[in-house]
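Just below is one structure, and these are the notes that go with it.
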Amino acid sequence: MASRSACSTAVRSVTRTARPTTNPTASLGLQAPSRAYHGARKQSQTHQAWAKPSTAVLAAAATVALIYTSTSANTHAEASKDDALPLPVVEKTKKKKGVSKEQNRDLISSQHLQVKRSWENPGVYAWGSNTGKVAAPDSNEAYIKTPRRIPWFDDVLLRDIKLDRLFGAAVLENGDLVQWGKAYSEETTEPTVTLKGKNLQQIAISRDRIIALSNSGTVYSIPTSKTEQDNGAKLSESSWIPGWSSTSNISYRILNPQGLGSKEKVSKLSGGLEHVLLLTNKGRLFSAASGSEDFPSRGQLGIPGLTWTTRPPGAFDQCHEISTLKGFEIEKIASGDHHSLALDKEGRVFSFGDNSSGQLGFEYSLEAPYVDMPSLLPVSRMYQGTNQTPKVTSVAAGGLNSFFTIDATRVLGHNEDPSEVRTLGRITADTWSCGQGIKGALGNGRWTHIQGLPTKIPSLSGLFEYDEKANSVVPIRLASISAGSSHASAVMSNITFLDTNEKSSADTTNWGADVVWWGGNEFFQLGTGKRNNVATPLYIRPLDAAAEIQAGRKEMHRFHVTPRHTVQVKDGRKVSMEQRIECGRNVTAVYSGV
């Protein structure tokens with residue numbers, strides 16, 4: 001396996017914008033990709049400089065090109081009048097004599113170094129707004145402009161993390177809840193363990209509460225404020241000792257969906273500013289109010305006609321089954337500030353709630369600014385006339401935006417001869433967005449106030465790469481999208497390699513997954529060190545810049561996420577862990593997740 005110094009996707013500049021854009025890599029001074037992924041509809045009309053005699057170019061149906069190069073930029077040489085190829089560009093070796101294999105790997109590959117550091121030094125990097133002391137609890141700076149570690153989480157593995165401008169919450173490896181930030185306590189700056197012994201798996205946050213899901217399916221609603229936790233009503237808890245009970249150490253409420261079947265339990269959460277969605281392992285969807293002050297009033301609960309005045313008797317935050325989705329086995333859910341998305345196993349998307357910016361995927365209507373009943377998104381219309389059959393594979397939402405990833409399969413068109421369609425059955429992976437784009441959150445290179453009908457994100461669509469194991473060209477999908485209140489990040493599901501060992505050659509290096517960022521940047525939440533909003537996905541620098549310099553690297557590479565892998569941590573345990581991205585409300589984090 002040859003080394004690859006900068007495994008990357010071709011995140012292409014979009015020229016159809018209302019504002020001038022530049023190459024996202026060049027704008028940050030980052031080293032250009034050594035492995036380029038080209039979209040199915042775009043062919044390079046120039047020649048690439050080749051760095052090694054063994055480098056090859058694969059052409060698939062004259063539409064897909066995969067090029068390996070280790071030049072320091074995407075060098076395109078214009079063809080001369082007689083179409084003569086440019087002379088090869090050979091990069092000088094970066095290896096050093098008299099050093100170990102591992103030291104050479106660190107020097108020749110930033111990706112290898114990043115992977116190693118993520119295993120050796122797990123923890124949390126955060127940046128963005130710090131007015132609530134969330135990104136940097138020990139600092140009085142208003143903004144954290146580039147990724148910075150939160151010391152309290154050094155060598156700490158997490159199950160989940162959620163960030164608001166005024167408070168943060170995380171679930172430790174043992175399932176305990178940790179909180180910090182001014183909205184939690186003005187006096188306590190360090191993260192503090194609050195709810196203990198519940199074996200929490202996942203959390204969602206509203207404007208002023210944390211909704212936490214335990215491994216057993218119990219859903220807890222916890223006030224953000226330490227004062228409310230200390231002074232609020234505390235429930236009686238059963239003990240492992242028969243006949244004994246105790247009082248909870250903090251105040252919380254339990255959200256209890258009624259009518260669950262045998263072995264049915266809540267398995268996933270997703271929350272907005274005022275509401276939370278609860279998905280069971282049987283595909284049933286419930287919703288509930290999740291705030292202490294405002295009752296959801298924009299249809300985000302998915303219950304027609306439900307308001308504060310029409311709610312049924314009982315607790316204000318009681319769970320409501322979304323009955324109109326009965327018969328559809330829901331698999332994935334997502335929530336923006338005031339809207340909701342539900343994806344079933346057949347690839348159908350239902351949206352409901354606020355549509356003031358077109359975030360439901362429908363054109364905005366002044367007469368109907370929100371939709372209080374789940375409505376089917378007409379995905380097939382987005383591919384009308386393309387001879388492709390679409391299936392939505394994932395949904396994401398945040399703020400006033402929604403995102404959809406779609407597998408589009410090439411099918412026969414009317415009167416087409418199967419023997420003449422070379423791409424028949426080929427799957428193209430696309431990403432679409434809708435909602436508010438004035439800060440660039442649509443990711444399509446445009447600055448649009450309201451985007452009702454979903455728009456394709458060109459630089460995250462139609463990408464392919466060559467899979468050496470399968471000996472074929474495969475689509476590059478997205479592993480995940482994290483959407484914050486005004487910005488977003490996407491992790492590519494590109495081919496990765498994490499099996500370098502002491503027996504491997506000095507040229508064999510690990511590399512992770514590409515990750516890009518876009519959207520609002522008023523609070524430096526994109527991590528670029530600059531404040532301008534970004535409408536086209538771009539890369540950021542490696543999290544640990546000091547390690548790059550220490551390794552002897554002069555040029556700047558870009559950050560890659562380490563995928564899941566079993567490694568030995570400092571206490572000697574073997575743990576399956578990965579790096580994850582969390583875009584919150586004007587704050588961003590990268591953490592080591594289990």
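Please note that chains go A, B, ... in the order of the structure tokens, that every chain numbers its residues from 1, and that ligands are numbered from 1 in the order shown.
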
Give me, as JSON lines, each residue of segment 359-474 of chain A that comes within 10 Å of segment 311-330 of chain A, together with its shortest interatomic pair and the distance in Å at one decimal, counting only C-alpha atoms, with rows ordered by chain and rising residue number.
```
{"residue": "A:Met373", "atom": "CA", "partner": "A:Thr324", "partner_atom": "CA", "distance": 7.5}
{"residue": "A:Pro374", "atom": "CA", "partner": "A:Thr324", "partner_atom": "CA", "distance": 7.1}
{"residue": "A:Ser375", "atom": "CA", "partner": "A:Thr324", "partner_atom": "CA", "distance": 9.5}
```

Residues from last step as file, C-alpha atoms, as a PDB file, in the first residue's frame:
```pdb
ATOM      1  CA  MET A 373     -48.774  17.507   9.824  1.00  0.00           C
ATOM      2  CA  PRO A 374     -45.969  15.348   8.388  1.00  0.00           C
ATOM      3  CA  SER A 375     -45.867  15.969   4.640  1.00  0.00           C
TER       4      SER A 375
END
```

DSSP on the backbone: what in segment 496-588 of chain A comes out helix (DSSP H, G or I), as a ChimeraX atom specification?
/A:545-550

List the spatial neighbours of segment 500-504 of chain A as number ranges by chain - criterion: any atom at most 12 Å away, only C-alpha atoms, same-chain residues fewer than 5 positions off excluded.
A: 1-3, 100-103, 105, 112-113, 115-116, 509-511

Got time to write the residues from that selection, C-alpha atoms, as a PDB file, in the first residue's frame?
```
ATOM      1  CA  MET A   1       0.000   0.000   0.000  1.00  0.00           C
ATOM      2  CA  ALA A   2       1.627   3.223  -1.110  1.00  0.00           C
ATOM      3  CA  SER A   3       1.593   6.261   1.113  1.00  0.00           C
ATOM      4  CA  SER A 100      12.653   5.351  12.548  1.00  0.00           C
ATOM      5  CA  LYS A 101       9.924   4.244  10.175  1.00  0.00           C
ATOM      6  CA  GLU A 102       7.345   5.984  12.318  1.00  0.00           C
ATOM      7  CA  GLN A 103       9.211   9.274  12.282  1.00  0.00           C
ATOM      8  CA  ARG A 105       5.675   8.355   8.291  1.00  0.00           C
ATOM      9  CA  HIS A 112      -0.763   9.613   9.406  1.00  0.00           C
ATOM     10  CA  LEU A 113       0.321  12.030  12.118  1.00  0.00           C
ATOM     11  CA  VAL A 115      -4.547   9.665  13.022  1.00  0.00           C
ATOM     12  CA  LYS A 116      -1.812   8.781  15.498  1.00  0.00           C
ATOM     13  CA  THR A 509       0.751   5.389   6.199  1.00  0.00           C
ATOM     14  CA  ASN A 510      -2.682   5.699   7.754  1.00  0.00           C
ATOM     15  CA  TRP A 511      -5.218   8.180   6.456  1.00  0.00           C
TER      16      TRP A 511
END
```

Set out as CSV a contact list for segment 477-548 of chain A and segment 403-412 of chain A with a cut-off of 9 Å, giving each residue of segment 477-548 of chain A that qualifies its closest atom pair and distance in Å to one decimal, counting only C-alpha atoms, ordered by chain and rising residue number.
```
residue,atom,partner,partner_atom,distance
A:Arg477,CA,A:Thr405,CA,8.0
A:Leu478,CA,A:Thr405,CA,7.5
A:Ile481,CA,A:Phe403,CA,8.0
A:Ala483,CA,A:Phe403,CA,8.4
```

List the neighbours of Gly299 of chain A out to 12 Å using only C-alpha atoms; skip same-chain residues closer than 2 positions along the sequence, and give me the result as a ChimeraX atom specification.
/A:274-275,287-289,295-297,301-308,322,337-341,351-356,360,368-375

Save out the residues we just selected, N, CA and C atoms, as a tab-separated table (two decimals), in the first residue's frame.
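That gives us again_37.tsv:
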```
chain	number	residue	atom	x	y	z
A	274	GLU	N	-37.46	24.06	21.14
A	274	GLU	CA	-38.62	23.89	22.01
A	274	GLU	C	-39.20	22.47	21.99
A	275	HIS	N	-38.70	21.61	21.12
A	275	HIS	CA	-39.31	20.29	20.97
A	275	HIS	C	-38.25	19.20	20.85
A	287	SER	N	-43.32	12.86	19.81
A	287	SER	CA	-42.76	14.20	19.99
A	287	SER	C	-43.22	14.75	21.33
A	288	ALA	N	-42.47	15.73	21.85
A	288	ALA	CA	-42.81	16.32	23.14
A	288	ALA	C	-42.21	17.72	23.22
A	289	ALA	N	-42.81	18.53	24.07
A	289	ALA	CA	-42.21	19.84	24.39
A	289	ALA	C	-40.94	19.59	25.19
A	295	PHE	N	-43.98	26.74	24.69
A	295	PHE	CA	-44.58	25.51	24.16
A	295	PHE	C	-44.46	25.54	22.63
A	296	PRO	N	-44.09	24.44	22.00
A	296	PRO	CA	-43.94	24.43	20.53
A	296	PRO	C	-45.22	24.90	19.84
A	297	SER	N	-45.08	25.89	18.99
A	297	SER	CA	-46.27	26.49	18.38
A	297	SER	C	-46.17	26.63	16.87
A	301	LEU	N	-44.22	19.60	16.40
A	301	LEU	CA	-44.57	18.36	17.08
A	301	LEU	C	-45.25	17.36	16.14
A	302	GLY	N	-45.71	17.83	14.99
A	302	GLY	CA	-46.34	16.93	14.02
A	302	GLY	C	-47.74	16.50	14.38
A	303	ILE	N	-48.37	17.20	15.33
A	303	ILE	CA	-49.73	16.87	15.76
A	303	ILE	C	-50.66	18.01	15.31
A	304	PRO	N	-51.53	17.78	14.31
A	304	PRO	CA	-52.39	18.85	13.79
A	304	PRO	C	-53.24	19.49	14.89
A	305	GLY	N	-53.18	20.83	14.92
A	305	GLY	CA	-54.02	21.59	15.84
A	305	GLY	C	-53.52	21.65	17.27
A	306	LEU	N	-52.38	21.03	17.57
A	306	LEU	CA	-51.89	21.01	18.95
A	306	LEU	C	-51.23	22.34	19.31
A	307	THR	N	-51.75	22.99	20.34
A	307	THR	CA	-51.18	24.24	20.86
A	307	THR	C	-51.20	24.15	22.39
A	308	TRP	N	-50.73	25.19	23.02
A	308	TRP	CA	-50.75	25.24	24.48
A	308	TRP	C	-52.18	25.15	25.00
A	322	ILE	N	-46.98	10.53	16.82
A	322	ILE	CA	-47.34	11.16	15.54
A	322	ILE	C	-48.09	10.12	14.73
A	337	ASP	N	-34.29	24.25	14.48
A	337	ASP	CA	-34.78	25.03	15.61
A	337	ASP	C	-36.27	24.81	15.85
A	338	HIS	N	-37.06	24.88	14.75
A	338	HIS	CA	-38.52	24.77	14.89
A	338	HIS	C	-39.12	23.86	13.83
A	339	HIS	N	-38.36	22.91	13.30
A	339	HIS	CA	-38.93	21.99	12.31
A	339	HIS	C	-38.36	20.60	12.50
A	340	SER	N	-38.99	19.62	11.86
A	340	SER	CA	-38.63	18.21	12.07
A	340	SER	C	-38.61	17.47	10.74
A	341	LEU	N	-37.75	16.44	10.68
A	341	LEU	CA	-37.65	15.56	9.52
A	341	LEU	C	-37.71	14.12	9.99
A	351	SER	N	-41.63	15.92	6.38
A	351	SER	CA	-41.19	17.12	7.08
A	351	SER	C	-42.39	17.85	7.66
A	352	PHE	N	-42.17	18.55	8.78
A	352	PHE	CA	-43.25	19.31	9.41
A	352	PHE	C	-42.65	20.36	10.33
A	353	GLY	N	-43.44	21.40	10.59
A	353	GLY	CA	-42.98	22.49	11.44
A	353	GLY	C	-42.84	23.79	10.69
A	354	ASP	N	-41.97	24.63	11.16
A	354	ASP	CA	-41.75	25.97	10.60
A	354	ASP	C	-41.21	25.87	9.18
A	355	ASN	N	-41.78	26.65	8.27
A	355	ASN	CA	-41.31	26.68	6.88
A	355	ASN	C	-41.05	28.11	6.42
A	356	SER	N	-40.73	28.98	7.37
A	356	SER	CA	-40.55	30.40	7.05
A	356	SER	C	-39.38	30.66	6.11
A	360	LEU	N	-38.64	23.09	5.07
A	360	LEU	CA	-39.35	21.81	4.95
A	360	LEU	C	-39.20	21.19	3.56
A	368	ALA	N	-49.49	30.05	4.88
A	368	ALA	CA	-49.22	28.85	5.68
A	368	ALA	C	-47.73	28.81	6.02
A	369	PRO	N	-47.29	29.63	6.98
A	369	PRO	CA	-45.86	29.71	7.30
A	369	PRO	C	-45.32	28.45	7.97
A	370	TYR	N	-46.22	27.60	8.46
A	370	TYR	CA	-45.75	26.34	9.02
A	370	TYR	C	-46.74	25.22	8.67
A	371	VAL	N	-46.26	23.98	8.77
A	371	VAL	CA	-47.05	22.79	8.46
A	371	VAL	C	-47.06	21.91	9.69
A	372	ASP	N	-48.24	21.63	10.25
A	372	ASP	CA	-48.30	20.89	11.51
A	372	ASP	C	-48.61	19.41	11.33
A	373	MET	N	-48.58	18.94	10.08
A	373	MET	CA	-48.77	17.51	9.82
A	373	MET	C	-47.63	17.02	8.93
A	374	PRO	N	-47.04	15.86	9.24
A	374	PRO	CA	-45.97	15.35	8.39
A	374	PRO	C	-46.39	15.29	6.92
A	375	SER	N	-45.57	15.90	6.07
A	375	SER	CA	-45.87	15.97	4.64
A	375	SER	C	-44.74	15.32	3.84
```

All strand (DSSP E or B) residues (DSSP, backbone) inside segment 89-220 of chain A, as a PyMOL selection string:
chain A and resi 124-129+143-149+158-163+168-172+177-180+192-193+200-205+209-214+219-220

Mind writing the picked residues with C-alpha atoms as a PDB file, in the first residue's frame?
```pdb
ATOM      1  CA  VAL A 124     -12.295  17.575  22.798  1.00  0.00           C
ATOM      2  CA  TYR A 125     -11.329  20.460  20.520  1.00  0.00           C
ATOM      3  CA  ALA A 126     -13.762  23.383  20.430  1.00  0.00           C
ATOM      4  CA  TRP A 127     -14.021  26.810  18.807  1.00  0.00           C
ATOM      5  CA  GLY A 128     -16.494  29.592  18.057  1.00  0.00           C
ATOM      6  CA  SER A 129     -18.395  31.837  20.453  1.00  0.00           C
ATOM      7  CA  TYR A 143     -14.200  34.073  20.508  1.00  0.00           C
ATOM      8  CA  ILE A 144     -12.026  31.038  20.007  1.00  0.00           C
ATOM      9  CA  LYS A 145     -10.939  31.479  16.409  1.00  0.00           C
ATOM     10  CA  THR A 146      -9.253  28.137  15.733  1.00  0.00           C
ATOM     11  CA  PRO A 147      -9.566  24.663  17.293  1.00  0.00           C
ATOM     12  CA  ARG A 148      -8.418  24.535  20.923  1.00  0.00           C
ATOM     13  CA  ARG A 149      -8.470  21.634  23.376  1.00  0.00           C
ATOM     14  CA  LEU A 158     -17.415  10.552  25.147  1.00  0.00           C
ATOM     15  CA  ARG A 159     -20.635   8.968  23.981  1.00  0.00           C
ATOM     16  CA  ASP A 160     -22.150  12.275  22.869  1.00  0.00           C
ATOM     17  CA  ILE A 161     -21.762  16.048  23.090  1.00  0.00           C
ATOM     18  CA  LYS A 162     -24.079  18.986  22.381  1.00  0.00           C
ATOM     19  CA  LEU A 163     -23.173  22.683  22.396  1.00  0.00           C
ATOM     20  CA  GLY A 168     -22.414  22.587  26.880  1.00  0.00           C
ATOM     21  CA  ALA A 169     -23.395  19.036  27.765  1.00  0.00           C
ATOM     22  CA  ALA A 170     -21.634  15.720  27.191  1.00  0.00           C
ATOM     23  CA  VAL A 171     -22.067  12.048  28.045  1.00  0.00           C
ATOM     24  CA  LEU A 172     -18.962  10.360  29.441  1.00  0.00           C
ATOM     25  CA  LEU A 177     -23.799  13.557  32.205  1.00  0.00           C
ATOM     26  CA  VAL A 178     -21.327  16.475  32.260  1.00  0.00           C
ATOM     27  CA  GLN A 179     -22.343  20.152  32.026  1.00  0.00           C
ATOM     28  CA  TRP A 180     -20.551  23.496  31.814  1.00  0.00           C
ATOM     29  CA  THR A 192     -19.152  19.167  36.201  1.00  0.00           C
ATOM     30  CA  VAL A 193     -20.708  15.725  36.423  1.00  0.00           C
ATOM     31  CA  LEU A 200     -26.923   7.615  29.195  1.00  0.00           C
ATOM     32  CA  GLN A 201     -26.305   7.018  25.493  1.00  0.00           C
ATOM     33  CA  GLN A 202     -27.414  10.160  23.715  1.00  0.00           C
ATOM     34  CA  ILE A 203     -28.511  13.718  24.436  1.00  0.00           C
ATOM     35  CA  ALA A 204     -30.364  16.549  22.720  1.00  0.00           C
ATOM     36  CA  ILE A 205     -30.644  20.136  23.921  1.00  0.00           C
ATOM     37  CA  ARG A 209     -33.090  21.850  28.994  1.00  0.00           C
ATOM     38  CA  ILE A 210     -31.133  18.706  28.205  1.00  0.00           C
ATOM     39  CA  ILE A 211     -33.016  15.637  26.981  1.00  0.00           C
ATOM     40  CA  ALA A 212     -31.042  12.481  27.737  1.00  0.00           C
ATOM     41  CA  LEU A 213     -31.669   8.911  26.586  1.00  0.00           C
ATOM     42  CA  SER A 214     -30.456   5.965  28.658  1.00  0.00           C
ATOM     43  CA  VAL A 219     -35.807   9.629  28.606  1.00  0.00           C
ATOM     44  CA  TYR A 220     -34.767  12.307  31.120  1.00  0.00           C
TER      45      TYR A 220
END
```
